[in-house]
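Colleague: upload.cif is reproduced in full below (mmCIF, C-alpha atoms and all ligand atoms).
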data_run
loop_
_atom_site.group_PDB
_atom_site.id
_atom_site.type_symbol
_atom_site.label_atom_id
_atom_site.label_comp_id
_atom_site.auth_asym_id
_atom_site.auth_seq_id
_atom_site.Cartn_x
_atom_site.Cartn_y
_atom_site.Cartn_z
ATOM 1 C CA MET A 1468 -66.368 -30.379 -71.730
ATOM 2 C CA SER A 1469 -68.296 -30.008 -68.485
ATOM 3 C CA LYS A 1470 -67.775 -27.073 -66.171
ATOM 4 C CA LEU A 1471 -67.202 -27.209 -62.436
ATOM 5 C CA LYS A 1472 -69.906 -25.228 -60.621
ATOM 6 C CA ILE A 1473 -68.541 -23.278 -57.658
ATOM 7 C CA ALA A 1474 -70.996 -21.866 -55.104
ATOM 8 C CA ILE A 1475 -69.946 -18.770 -53.191
ATOM 9 C CA GLN A 1476 -71.859 -16.414 -50.901
ATOM 10 C CA LYS A 1477 -73.715 -13.726 -52.811
ATOM 11 C CA ASP A 1478 -73.520 -10.951 -50.290
ATOM 12 C CA GLY A 1479 -71.978 -11.259 -46.855
ATOM 13 C CA ARG A 1480 -68.856 -11.790 -44.833
ATOM 14 C CA LEU A 1481 -67.476 -14.534 -47.084
ATOM 15 C CA SER A 1482 -68.200 -12.941 -50.460
ATOM 16 C CA GLU A 1483 -65.266 -10.673 -51.046
ATOM 17 C CA LYS A 1484 -62.545 -13.060 -49.893
ATOM 18 C CA SER A 1485 -64.103 -15.987 -51.777
ATOM 19 C CA LEU A 1486 -64.175 -14.007 -54.992
ATOM 20 C CA GLU A 1487 -60.651 -12.720 -54.413
ATOM 21 C CA LEU A 1488 -59.365 -16.271 -53.923
ATOM 22 C CA VAL A 1489 -61.015 -17.437 -57.150
ATOM 23 C CA ARG A 1490 -59.550 -14.467 -59.027
ATOM 24 C CA GLU A 1491 -56.081 -15.083 -57.574
ATOM 25 C CA CYS A 1492 -56.301 -18.587 -59.005
ATOM 26 C CA GLY A 1493 -56.178 -16.913 -62.396
ATOM 27 C CA ILE A 1494 -59.861 -17.337 -63.107
ATOM 28 C CA ASP A 1495 -61.173 -14.563 -65.259
ATOM 29 C CA LEU A 1496 -64.808 -13.825 -64.474
ATOM 30 C CA THR A 1497 -65.764 -12.093 -67.664
ATOM 31 C CA ASN A 1498 -69.385 -11.227 -67.158
ATOM 32 C CA GLY A 1499 -68.867 -9.526 -63.818
ATOM 33 C CA SER A 1500 -69.750 -10.705 -60.365
ATOM 34 C CA ARG A 1501 -72.712 -10.824 -58.023
ATOM 35 C CA LYS A 1502 -75.177 -11.922 -60.655
ATOM 36 C CA LEU A 1503 -76.781 -15.299 -60.252
ATOM 37 C CA LEU A 1504 -74.096 -16.948 -62.309
ATOM 38 C CA SER A 1505 -70.823 -16.011 -63.942
ATOM 39 C CA VAL A 1506 -68.758 -18.012 -66.376
ATOM 40 C CA ALA A 1507 -64.982 -17.989 -66.464
ATOM 41 C CA GLY A 1508 -63.337 -17.180 -69.753
ATOM 42 C CA ASN A 1509 -60.162 -19.162 -69.273
ATOM 43 C CA PHE A 1510 -60.917 -22.094 -66.958
ATOM 44 C CA PRO A 1511 -63.808 -24.602 -67.019
ATOM 45 C CA VAL A 1512 -65.721 -23.212 -64.038
ATOM 46 C CA GLU A 1513 -68.981 -21.378 -63.390
ATOM 47 C CA LEU A 1514 -69.637 -19.330 -60.282
ATOM 48 C CA MET A 1515 -73.026 -19.453 -58.562
ATOM 49 C CA TYR A 1516 -73.862 -16.728 -56.048
ATOM 50 C CA LEU A 1517 -76.046 -18.023 -53.208
ATOM 51 C CA ARG A 1518 -77.028 -17.431 -49.586
ATOM 52 C CA ASP A 1519 -74.408 -19.076 -47.408
ATOM 53 C CA ASP A 1520 -76.959 -21.314 -45.666
ATOM 54 C CA ASP A 1521 -77.982 -22.814 -49.019
ATOM 55 C CA ILE A 1522 -74.452 -23.683 -50.131
ATOM 56 C CA PRO A 1523 -73.904 -26.994 -48.234
ATOM 57 C CA GLY A 1524 -77.271 -28.380 -49.363
ATOM 58 C CA TYR A 1525 -76.736 -27.401 -52.997
ATOM 59 C CA VAL A 1526 -73.268 -28.964 -52.977
ATOM 60 C CA ALA A 1527 -74.611 -32.141 -51.357
ATOM 61 C CA ASP A 1528 -77.383 -32.365 -53.981
ATOM 62 C CA GLY A 1529 -74.989 -31.685 -56.864
ATOM 63 C CA VAL A 1530 -76.679 -28.429 -57.908
ATOM 64 C CA ALA A 1531 -73.208 -26.992 -57.278
ATOM 65 C CA ASP A 1532 -70.060 -29.144 -57.367
ATOM 66 C CA ILE A 1533 -67.933 -27.326 -54.828
ATOM 67 C CA GLY A 1534 -68.499 -24.322 -52.585
ATOM 68 C CA ILE A 1535 -67.003 -21.950 -50.064
ATOM 69 C CA VAL A 1536 -68.823 -21.683 -46.735
ATOM 70 C CA GLY A 1537 -68.209 -21.295 -42.991
ATOM 71 C CA GLU A 1538 -67.328 -24.509 -41.138
ATOM 72 C CA ASN A 1539 -70.069 -23.584 -38.666
ATOM 73 C CA VAL A 1540 -72.736 -23.918 -41.362
ATOM 74 C CA VAL A 1541 -71.372 -27.315 -42.441
ATOM 75 C CA GLU A 1542 -71.303 -28.468 -38.823
ATOM 76 C CA GLU A 1543 -74.876 -27.282 -38.242
ATOM 77 C CA GLU A 1544 -76.393 -28.772 -41.386
ATOM 78 C CA GLN A 1545 -74.315 -32.004 -41.517
ATOM 79 C CA PRO A 1546 -74.689 -32.263 -45.301
ATOM 80 C CA ASP A 1547 -73.161 -35.139 -47.244
ATOM 81 C CA VAL A 1548 -70.126 -33.179 -48.497
ATOM 82 C CA GLN A 1549 -66.386 -33.444 -48.171
ATOM 83 C CA ILE A 1550 -64.268 -30.652 -46.698
ATOM 84 C CA LEU A 1551 -61.376 -30.278 -49.153
ATOM 85 C CA GLU A 1552 -59.471 -27.439 -47.502
ATOM 86 C CA LYS A 1553 -59.578 -24.894 -44.704
ATOM 87 C CA LEU A 1554 -59.168 -21.498 -46.318
ATOM 88 C CA GLY A 1555 -57.942 -19.382 -43.416
ATOM 89 C CA PHE A 1556 -60.401 -16.482 -43.635
ATOM 90 C CA ALA A 1557 -63.710 -15.571 -41.894
ATOM 91 C CA LYS A 1558 -62.305 -16.961 -38.684
ATOM 92 C CA CYS A 1559 -64.660 -16.888 -35.722
ATOM 93 C CA ARG A 1560 -65.763 -18.996 -32.778
ATOM 94 C CA MET A 1561 -69.127 -20.240 -31.568
ATOM 95 C CA SER A 1562 -69.684 -19.496 -27.925
ATOM 96 C CA LEU A 1563 -72.179 -19.538 -25.110
ATOM 97 C CA ALA A 1564 -72.794 -16.165 -23.505
ATOM 98 C CA LEU A 1565 -74.673 -14.982 -20.435
ATOM 99 C CA PRO A 1566 -75.823 -11.591 -19.097
ATOM 100 C CA ARG A 1567 -72.740 -9.872 -17.695
ATOM 101 C CA THR A 1568 -74.190 -9.731 -14.184
ATOM 102 C CA ASP A 1569 -74.889 -13.496 -13.973
ATOM 103 C CA ASN A 1570 -72.636 -15.534 -11.791
ATOM 104 C CA TYR A 1571 -71.154 -18.266 -13.979
ATOM 105 C CA LYS A 1572 -70.200 -21.490 -12.197
ATOM 106 C CA GLY A 1573 -69.315 -23.756 -15.083
ATOM 107 C CA LEU A 1574 -71.377 -25.629 -17.671
ATOM 108 C CA ASP A 1575 -73.891 -26.844 -15.083
ATOM 109 C CA SER A 1576 -75.150 -23.260 -14.950
ATOM 110 C CA PHE A 1577 -76.945 -24.048 -18.227
ATOM 111 C CA HIS A 1578 -79.118 -26.806 -16.734
ATOM 112 C CA ASN A 1579 -82.796 -26.105 -17.450
ATOM 113 C CA LYS A 1580 -81.946 -22.711 -18.937
ATOM 114 C CA LYS A 1581 -83.481 -21.244 -22.103
ATOM 115 C CA ILE A 1582 -80.833 -20.633 -24.735
ATOM 116 C CA ALA A 1583 -81.441 -18.729 -27.952
ATOM 117 C CA THR A 1584 -79.440 -19.630 -31.049
ATOM 118 C CA SER A 1585 -79.467 -19.939 -34.832
ATOM 119 C CA TYR A 1586 -77.355 -23.087 -34.505
ATOM 120 C CA PRO A 1587 -79.543 -25.541 -32.541
ATOM 121 C CA ASN A 1588 -77.879 -28.714 -33.855
ATOM 122 C CA ILE A 1589 -74.336 -27.761 -32.863
ATOM 123 C CA LEU A 1590 -75.532 -26.721 -29.424
ATOM 124 C CA GLN A 1591 -77.706 -29.803 -28.987
ATOM 125 C CA SER A 1592 -74.863 -32.185 -29.706
ATOM 126 C CA TYR A 1593 -72.482 -30.221 -27.478
ATOM 127 C CA PHE A 1594 -74.925 -30.344 -24.559
ATOM 128 C CA LYS A 1595 -75.557 -34.022 -25.177
ATOM 129 C CA LYS A 1596 -71.829 -34.721 -24.964
ATOM 130 C CA LYS A 1597 -71.606 -32.701 -21.750
ATOM 131 C CA ASN A 1598 -74.818 -34.119 -20.235
ATOM 132 C CA ILE A 1599 -76.590 -30.792 -19.970
ATOM 133 C CA GLU A 1600 -80.378 -30.612 -20.230
ATOM 134 C CA ALA A 1601 -81.393 -27.211 -21.572
ATOM 135 C CA GLU A 1602 -84.186 -25.658 -23.590
ATOM 136 C CA ILE A 1603 -82.861 -24.583 -26.969
ATOM 137 C CA HIS A 1604 -84.819 -21.861 -28.788
ATOM 138 C CA GLU A 1605 -84.045 -21.520 -32.442
ATOM 139 C CA ILE A 1606 -84.256 -17.952 -33.675
ATOM 140 C CA SER A 1607 -82.850 -16.461 -36.839
ATOM 141 C CA GLY A 1608 -80.959 -13.202 -36.529
ATOM 142 C CA SER A 1609 -80.366 -10.798 -33.621
ATOM 143 C CA VAL A 1610 -79.777 -13.625 -31.191
ATOM 144 C CA GLU A 1611 -77.797 -11.287 -28.942
ATOM 145 C CA ILE A 1612 -80.864 -9.297 -27.886
ATOM 146 C CA ALA A 1613 -82.792 -12.385 -26.674
ATOM 147 C CA PRO A 1614 -81.760 -12.168 -22.981
ATOM 148 C CA ALA A 1615 -82.518 -8.426 -22.750
ATOM 149 C CA ILE A 1616 -86.069 -8.898 -24.068
ATOM 150 C CA GLY A 1617 -86.728 -11.873 -21.815
ATOM 151 C CA LEU A 1618 -86.781 -14.452 -24.591
ATOM 152 C CA ALA A 1619 -83.891 -16.483 -23.195
ATOM 153 C CA ASP A 1620 -81.468 -16.766 -20.281
ATOM 154 C CA ALA A 1621 -78.412 -17.167 -22.452
ATOM 155 C CA ILE A 1622 -77.315 -17.283 -26.086
ATOM 156 C CA PHE A 1623 -75.152 -19.432 -28.314
ATOM 157 C CA ASP A 1624 -73.777 -17.467 -31.260
ATOM 158 C CA ILE A 1625 -70.869 -16.582 -33.501
ATOM 159 C CA VAL A 1626 -68.262 -14.351 -31.874
ATOM 160 C CA SER A 1627 -65.433 -12.623 -33.623
ATOM 161 C CA SER A 1628 -64.153 -9.497 -31.862
ATOM 162 C CA GLY A 1629 -66.638 -9.931 -29.000
ATOM 163 C CA SER A 1630 -67.884 -6.357 -29.264
ATOM 164 C CA THR A 1631 -71.444 -7.377 -30.127
ATOM 165 C CA LEU A 1632 -71.640 -9.334 -26.882
ATOM 166 C CA ILE A 1633 -70.229 -6.461 -24.856
ATOM 167 C CA SER A 1634 -72.576 -3.899 -26.339
ATOM 168 C CA ASN A 1635 -75.511 -6.159 -25.469
ATOM 169 C CA GLY A 1636 -74.426 -6.607 -21.867
ATOM 170 C CA LEU A 1637 -73.341 -10.224 -22.354
ATOM 171 C CA LYS A 1638 -70.195 -12.155 -21.472
ATOM 172 C CA GLU A 1639 -68.683 -15.102 -23.331
ATOM 173 C CA VAL A 1640 -68.331 -18.073 -20.981
ATOM 174 C CA GLU A 1641 -67.691 -21.186 -23.116
ATOM 175 C CA THR A 1642 -66.282 -21.685 -26.603
ATOM 176 C CA VAL A 1643 -67.918 -24.639 -28.321
ATOM 177 C CA MET A 1644 -66.095 -24.595 -31.670
ATOM 178 C CA TYR A 1645 -63.787 -22.569 -33.893
ATOM 179 C CA SER A 1646 -64.716 -21.897 -37.486
ATOM 180 C CA GLN A 1647 -63.234 -20.536 -40.710
ATOM 181 C CA ALA A 1648 -64.166 -20.603 -44.377
ATOM 182 C CA VAL A 1649 -63.772 -24.040 -45.959
ATOM 183 C CA LEU A 1650 -63.865 -25.424 -49.474
ATOM 184 C CA ILE A 1651 -66.453 -28.199 -49.673
ATOM 185 C CA SER A 1652 -67.117 -30.667 -52.449
ATOM 186 C CA ASN A 1653 -69.895 -32.972 -53.567
ATOM 187 C CA SER A 1654 -68.765 -36.455 -52.592
ATOM 188 C CA ASP A 1655 -69.561 -37.945 -55.986
ATOM 189 C CA LEU A 1656 -67.923 -35.737 -58.643
ATOM 190 C CA ASN A 1657 -67.398 -37.370 -62.029
ATOM 191 C CA ASN A 1658 -63.796 -37.838 -63.188
ATOM 192 C CA GLU A 1659 -63.762 -34.769 -65.358
ATOM 193 C CA LYS A 1660 -65.043 -32.493 -62.578
ATOM 194 C CA ALA A 1661 -62.808 -34.095 -59.967
ATOM 195 C CA GLU A 1662 -59.843 -33.275 -62.183
ATOM 196 C CA ILE A 1663 -60.877 -29.612 -62.489
ATOM 197 C CA ALA A 1664 -61.464 -29.441 -58.724
ATOM 198 C CA GLU A 1665 -58.007 -30.899 -58.129
ATOM 199 C CA LYS A 1666 -56.413 -28.269 -60.390
ATOM 200 C CA LEU A 1667 -58.302 -25.506 -58.628
ATOM 201 C CA LEU A 1668 -57.296 -26.804 -55.206
ATOM 202 C CA PHE A 1669 -53.656 -26.882 -56.323
ATOM 203 C CA ARG A 1670 -53.950 -23.240 -57.397
ATOM 204 C CA MET A 1671 -55.657 -22.239 -54.146
ATOM 205 C CA ARG A 1672 -52.884 -23.866 -52.128
ATOM 206 C CA SER A 1673 -50.233 -22.079 -54.197
ATOM 207 C CA VAL A 1674 -51.949 -18.730 -53.668
ATOM 208 C CA ARG A 1675 -52.316 -19.297 -49.926
ATOM 209 C CA LYS A 1676 -48.768 -20.508 -49.531
ATOM 210 C CA SER A 1677 -47.321 -17.537 -51.380
ATOM 211 C CA GLY A 1678 -49.145 -15.127 -49.090
ATOM 212 C CA LYS A 1679 -47.107 -16.287 -46.115
ATOM 213 C CA ASN A 1680 -43.770 -16.163 -47.900
ATOM 214 C CA LYS A 1681 -41.498 -13.409 -49.110
ATOM 215 C CA TYR A 1682 -38.669 -13.435 -51.601
ATOM 216 C CA ILE A 1683 -35.464 -12.196 -50.028
ATOM 217 C CA LEU A 1684 -32.266 -10.937 -51.694
ATOM 218 C CA LEU A 1685 -29.175 -9.942 -49.774
ATOM 219 C CA ASN A 1686 -25.441 -9.492 -49.978
ATOM 220 C CA ALA A 1687 -23.293 -11.421 -47.530
ATOM 221 C CA PRO A 1688 -19.632 -11.996 -46.731
ATOM 222 C CA ASN A 1689 -18.604 -15.441 -48.039
ATOM 223 C CA ASP A 1690 -17.402 -16.638 -44.639
ATOM 224 C CA ARG A 1691 -20.926 -16.277 -43.176
ATOM 225 C CA LEU A 1692 -22.796 -17.893 -46.073
ATOM 226 C CA ASP A 1693 -23.124 -21.277 -44.336
ATOM 227 C CA ASP A 1694 -24.827 -19.674 -41.325
ATOM 228 C CA ILE A 1695 -27.175 -17.736 -43.567
ATOM 229 C CA ILE A 1696 -28.063 -20.801 -45.666
ATOM 230 C CA ARG A 1697 -28.967 -22.663 -42.473
ATOM 231 C CA LEU A 1698 -31.188 -19.747 -41.457
ATOM 232 C CA ILE A 1699 -33.043 -19.337 -44.778
ATOM 233 C CA PRO A 1700 -32.679 -22.542 -46.750
ATOM 234 C CA GLY A 1701 -35.321 -21.527 -49.315
ATOM 235 C CA MET A 1702 -37.557 -23.932 -51.195
ATOM 236 C CA LYS A 1703 -34.834 -26.360 -52.249
ATOM 237 C CA SER A 1704 -31.639 -24.461 -51.594
ATOM 238 C CA PRO A 1705 -30.827 -20.784 -52.041
ATOM 239 C CA THR A 1706 -29.252 -19.236 -55.120
ATOM 240 C CA ILE A 1707 -25.750 -17.876 -54.493
ATOM 241 C CA MET A 1708 -23.975 -15.617 -56.982
ATOM 242 C CA PRO A 1709 -20.568 -14.004 -56.547
ATOM 243 C CA LEU A 1710 -20.483 -10.215 -56.346
ATOM 244 C CA ALA A 1711 -17.917 -8.252 -58.350
ATOM 245 C CA GLU A 1712 -16.385 -7.340 -54.992
ATOM 246 C CA GLU A 1713 -14.028 -10.083 -53.799
ATOM 247 C CA GLY A 1714 -15.208 -12.111 -50.771
ATOM 248 C CA TRP A 1715 -18.922 -11.248 -51.121
ATOM 249 C CA SER A 1716 -21.926 -13.042 -52.594
ATOM 250 C CA SER A 1717 -25.503 -12.234 -53.430
ATOM 251 C CA MET A 1718 -28.063 -14.676 -52.104
ATOM 252 C CA HIS A 1719 -31.724 -15.234 -53.110
ATOM 253 C CA SER A 1720 -34.092 -17.240 -50.957
ATOM 254 C CA VAL A 1721 -37.604 -17.491 -49.498
ATOM 255 C CA LEU A 1722 -38.621 -16.389 -46.046
ATOM 256 C CA ASN A 1723 -41.732 -17.173 -44.012
ATOM 257 C CA GLU A 1724 -43.611 -14.113 -42.801
ATOM 258 C CA ASN A 1725 -44.085 -15.502 -39.289
ATOM 259 C CA GLU A 1726 -40.351 -15.557 -38.667
ATOM 260 C CA PHE A 1727 -39.627 -12.396 -40.607
ATOM 261 C CA TRP A 1728 -38.232 -10.018 -37.955
ATOM 262 C CA ASP A 1729 -36.421 -12.738 -36.108
ATOM 263 C CA VAL A 1730 -34.602 -13.767 -39.283
ATOM 264 C CA ILE A 1731 -33.817 -10.186 -40.290
ATOM 265 C CA ASP A 1732 -32.183 -9.532 -36.901
ATOM 266 C CA LYS A 1733 -30.031 -12.635 -37.246
ATOM 267 C CA LEU A 1734 -29.094 -11.781 -40.841
ATOM 268 C CA LYS A 1735 -27.833 -8.398 -39.719
ATOM 269 C CA ASN A 1736 -25.732 -10.096 -37.052
ATOM 270 C CA TYR A 1737 -24.239 -12.327 -39.736
ATOM 271 C CA GLY A 1738 -23.156 -9.213 -41.614
ATOM 272 C CA ALA A 1739 -25.769 -9.339 -44.381
ATOM 273 C CA GLN A 1740 -26.280 -6.066 -46.240
ATOM 274 C CA GLY A 1741 -28.601 -4.634 -48.872
ATOM 275 C CA ILE A 1742 -31.479 -6.856 -47.803
ATOM 276 C CA LEU A 1743 -34.468 -6.666 -50.161
ATOM 277 C CA VAL A 1744 -37.760 -8.370 -49.326
ATOM 278 C CA ILE A 1745 -40.303 -8.771 -52.122
ATOM 279 C CA PRO A 1746 -43.864 -10.172 -52.082
ATOM 280 C CA ILE A 1747 -44.442 -13.458 -53.890
ATOM 281 C CA GLU A 1748 -47.552 -13.661 -56.013
ATOM 282 C CA LYS A 1749 -47.717 -17.442 -56.524
ATOM 283 C CA MET A 1750 -45.624 -20.224 -55.114
ATOM 284 C CA ILE A 1751 -45.493 -23.643 -56.769
ATOM 285 C CA VAL A 1752 -43.918 -26.297 -54.595
HETATM 286 O O1 LIG B 1801 -77.261 -13.564 -46.323
HETATM 287 P P1 LIG B 1801 -76.546 -14.803 -45.961
HETATM 288 O O2 LIG B 1801 -77.410 -15.870 -45.339
HETATM 289 O O3 LIG B 1801 -75.711 -15.320 -47.123
HETATM 290 O O4 LIG B 1801 -75.434 -14.379 -44.857
HETATM 291 P P2 LIG B 1801 -75.473 -14.458 -43.268
HETATM 292 O O5 LIG B 1801 -75.934 -13.151 -42.745
HETATM 293 O O6 LIG B 1801 -76.150 -15.699 -42.795
HETATM 294 O O7 LIG B 1801 -73.943 -14.695 -42.967
HETATM 295 P P3 LIG B 1801 -72.749 -13.652 -42.733
HETATM 296 O O8 LIG B 1801 -72.348 -13.046 -44.031
HETATM 297 O O9 LIG B 1801 -73.040 -12.744 -41.596
HETATM 298 O O10 LIG B 1801 -71.625 -14.672 -42.235
HETATM 299 C C1 LIG B 1801 -71.136 -15.667 -43.052
HETATM 300 C C2 LIG B 1801 -70.116 -16.508 -42.298
HETATM 301 O O11 LIG B 1801 -69.041 -15.668 -41.846
HETATM 302 C C3 LIG B 1801 -70.604 -17.152 -41.008
HETATM 303 O O12 LIG B 1801 -71.310 -18.348 -41.251
HETATM 304 C C4 LIG B 1801 -69.295 -17.409 -40.279
HETATM 305 O O13 LIG B 1801 -68.708 -18.608 -40.747
HETATM 306 C C5 LIG B 1801 -68.407 -16.256 -40.735
HETATM 307 N N1 LIG B 1801 -68.196 -15.202 -39.704
HETATM 308 C C6 LIG B 1801 -66.987 -14.756 -39.272
HETATM 309 C C7 LIG B 1801 -69.132 -14.517 -39.026
HETATM 310 C C8 LIG B 1801 -68.458 -13.637 -38.155
HETATM 311 N N2 LIG B 1801 -67.127 -13.810 -38.354
HETATM 312 C C9 LIG B 1801 -69.223 -12.741 -37.307
HETATM 313 N N3 LIG B 1801 -68.639 -11.965 -36.542
HETATM 314 N N4 LIG B 1801 -70.483 -14.530 -39.071
HETATM 315 C C10 LIG B 1801 -71.175 -13.715 -38.282
HETATM 316 N N5 LIG B 1801 -70.615 -12.844 -37.384
HETATM 317 C C11 LIG B 1801 -71.552 -12.002 -36.581
HETATM 318 C C12 LIG B 1801 -71.740 -12.481 -35.159
HETATM 319 O O14 LIG B 1801 -72.873 -13.311 -35.126
HETATM 320 C C13 LIG B 1801 -71.985 -11.209 -34.379
HETATM 321 O O15 LIG B 1801 -73.365 -11.017 -34.219
HETATM 322 O O16 LIG B 1801 -71.077 -10.721 -36.507
HETATM 323 C C14 LIG B 1801 -71.462 -10.129 -35.306
HETATM 324 C C15 LIG B 1801 -70.278 -9.338 -34.853
HETATM 325 O O17 LIG B 1801 -69.296 -10.108 -34.221
HETATM 326 P P4 LIG B 1801 -68.271 -9.464 -33.175
HETATM 327 O O18 LIG B 1801 -67.953 -10.529 -32.139
HETATM 328 O O19 LIG B 1801 -67.050 -9.090 -33.967
HETATM 329 O O20 LIG B 1801 -68.923 -8.278 -32.555
HETATM 330 ZN ZN ZN B 1802 -76.911 -17.054 -43.842
#
Represent the structure contained in this file as structure tokens.
Ligand code: PRT
Ligand code: ZN

Modeller:
Amino acid sequence: MSKLKIAIQKDGRLSEKSLELVRECGIDLTNGSRKLLSVAGNFPVELMYLRDDDIPGYVADGVADIGIVGENVVEEEQPDVQILEKLGFAKCRMSLALPRTDNYKGLDSFHNKKIATSYPNILQSYFKKKNIEAEIHEISGSVEIAPAIGLADAIFDIVSSGSTLISNGLKEVETVMYSQAVLISNSDLNNEKAEIAEKLLFRMRSVRKSGKNKYILLNAPNDRLDDIIRLIPGMKSPTIMPLAEEGWSSMHSVLNENEFWDVIDKLKNYGAQGILVIPIEKMIV
């Protein structure tokens, strides 16, 4: 039986979360991590550890079958791959930034300016769309120091907290795109591999879904049960069990983390007591 080859970043911002996601899918990486290759003991996959920039190309060429990489790298390289899923980590944006003291008067300020970046293709197509003629200088690494050393007038780079820009005397003036880690796939997987990829994707979705949900148990007076069921309907419908005490029931349901405090406040108003909230490890819908 063939194995699905998964490419993840060897050492960088994506590595830990990528590996964690694979592990949470129940994949047991027996011979350790961070070698060139590791084989799973209990699922037909092999992990390849690569530089993030190489991942889209290897997936496009079929050296790897699927991979985890930043959307920004996919957008820059335009490889022939499919994006299967946005994974919700390594979120950042790609922005244009100028020296703090420059007077910014809109995109036209970039006309005939020198801009340093490691992402020339994304910037080129953005400027083309906006009809800006600028000189794009491709440099790899430490883009943020380019204006200070006179190499460029502005930069186009990845921004997350923005502190790198601030500490280099720069200000972010335009956001060109948002990025996060994505799962990409070779567009021509054979049936066997496509089936494994599908199973893995199902597991990844279950893991990600569970992270946002909590299991909730509570006791409630019977005459408020309808209100509470409307508030937390659960996956299909909640479980209700009578308590030994007359007129009360125990209820089990699922609660989304984003509405957590709002729901808890309302539950208290409905007279709910003994509320327990428990993390969910996996959620199969
Ligand atoms: O060695 P290899 O080539 O594999 O790694 P790399 O150094 O090229 O990439 P790496 O590990 O730095 O980043 C991998 C991916 O993480 C990127 O392609 C993005 O998709 C994503 N990501 C998320 C980021 C950031 N956040 C980020 N903040 N990548 C880089 N940065 C840089 C940014 O350029 C800035 O210089 O981190 C610096 C700090 O950002 P602030 O704004 O928080 O100060
Ligand atoms: Zn890289």

Colleague: Written as a ChimeraX atom specification, which residues does the PyMOL selection byres (((not hetatm)) within 6 of (chain B and resi 1802)) give for the file shown?

Modeller: /A:1518-1520

Colleague: From the set A:Val1548, A:Ala1739, A:Met1515, A:Ile1731, which residue has the shortest atom-to-atom contact distance to Ala1527 in chain A, counting all atoms listed in the file?

Modeller: A:Val1548

Colleague: Any residue with an atom at most 6 Å from ligand LIG 1801 (chain B) counts, using only C-alpha atoms and all ligand atoms. Which are they? Put them as a count of residues only.

Modeller: 23

Colleague: Nearest to Asp1732 in chain A: which of A:Ser1562, A:Ile1473, A:Leu1698, A:Ala1601 is it, counting all atoms listed in the file?

Modeller: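 Of A:Ser1562, A:Ile1473, A:Leu1698, A:Ala1601, the one nearest Asp1732 in chain A is A:Leu1698, counting all atoms listed in the file.
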
Colleague: Could you list the residues chosen by the PyMOL selection byres (((chain A and resi 1678) around 9) and not hetatm) in this structure as a short mmCIF file (atom, residue, chain, number, x, y, z; two decimals) with C-alpha atoms, in the frame of the given file?

Modeller:
data_model
loop_
_atom_site.label_atom_id
_atom_site.label_comp_id
_atom_site.auth_asym_id
_atom_site.auth_seq_id
_atom_site.Cartn_x
_atom_site.Cartn_y
_atom_site.Cartn_z
CA SER A 1673 -50.23 -22.08 -54.20
CA VAL A 1674 -51.95 -18.73 -53.67
CA ARG A 1675 -52.32 -19.30 -49.93
CA LYS A 1676 -48.77 -20.51 -49.53
CA SER A 1677 -47.32 -17.54 -51.38
CA LYS A 1679 -47.11 -16.29 -46.12
CA ASN A 1680 -43.77 -16.16 -47.90
CA LYS A 1681 -41.50 -13.41 -49.11
CA GLU A 1724 -43.61 -14.11 -42.80
CA PRO A 1746 -43.86 -10.17 -52.08
CA ILE A 1747 -44.44 -13.46 -53.89
CA GLU A 1748 -47.55 -13.66 -56.01
CA LYS A 1749 -47.72 -17.44 -56.52
CA MET A 1750 -45.62 -20.22 -55.11
#

Colleague: Which residue is closest to Phe1510 in chain A? Choose from A:Ser1654, A:Asp1729, A:Lys1666, A:Ile1612 and count all atoms listed in the file.

Modeller: A:Lys1666

Colleague: What does the PyMOL selection byres (((chain A and resi 1522) around 8) and not hetatm) select in this file, as a list in words?

Modeller: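 Written out, the selection comes to Ala1474, Ile1475, Gln1476, Leu1517, Arg1518, Asp1519, Asp1520, Asp1521, Pro1523, Gly1524, Tyr1525, Val1526, Ala1531, Gly1534, Ile1535 and Val1536 of chain A.
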
Colleague: For each of A:Gly1738, A:Lys1502, A:Leu1685, A:His1578, take the minimum atom-to-atom distance to Lys1595 in chain A, counting all atoms listed in the file, then give the residue where this is smallest.

Modeller: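 Checking each of A:Gly1738, A:Lys1502, A:Leu1685, A:His1578 against Lys1595 in chain A, counting all atoms listed in the file, the winner is A:His1578.
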
Colleague: Please determine, counting all atoms listed in the file, which residue among A:Leu1488, A:Glu1552, A:Asn1725, A:Ala1711 has the shortest atom-to-atom distance to Glu1665 in chain A.

Modeller: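 Nearest to Glu1665 in chain A: A:Glu1552.
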
Colleague: If you measure from CA of Leu1503 in chain A to CA of Lys1472 in chain A, what distance in Å do you get, rounded to one decimal?

Modeller: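 A separation of 12.1 Å between them.
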
Colleague: Calculated over only C-alpha atoms, which of the candidates A:Asp1569, A:Glu1605, A:Asp1655, A:Asp1495 has the smallest distance to Ala1507 in chain A?

Modeller: A:Asp1495
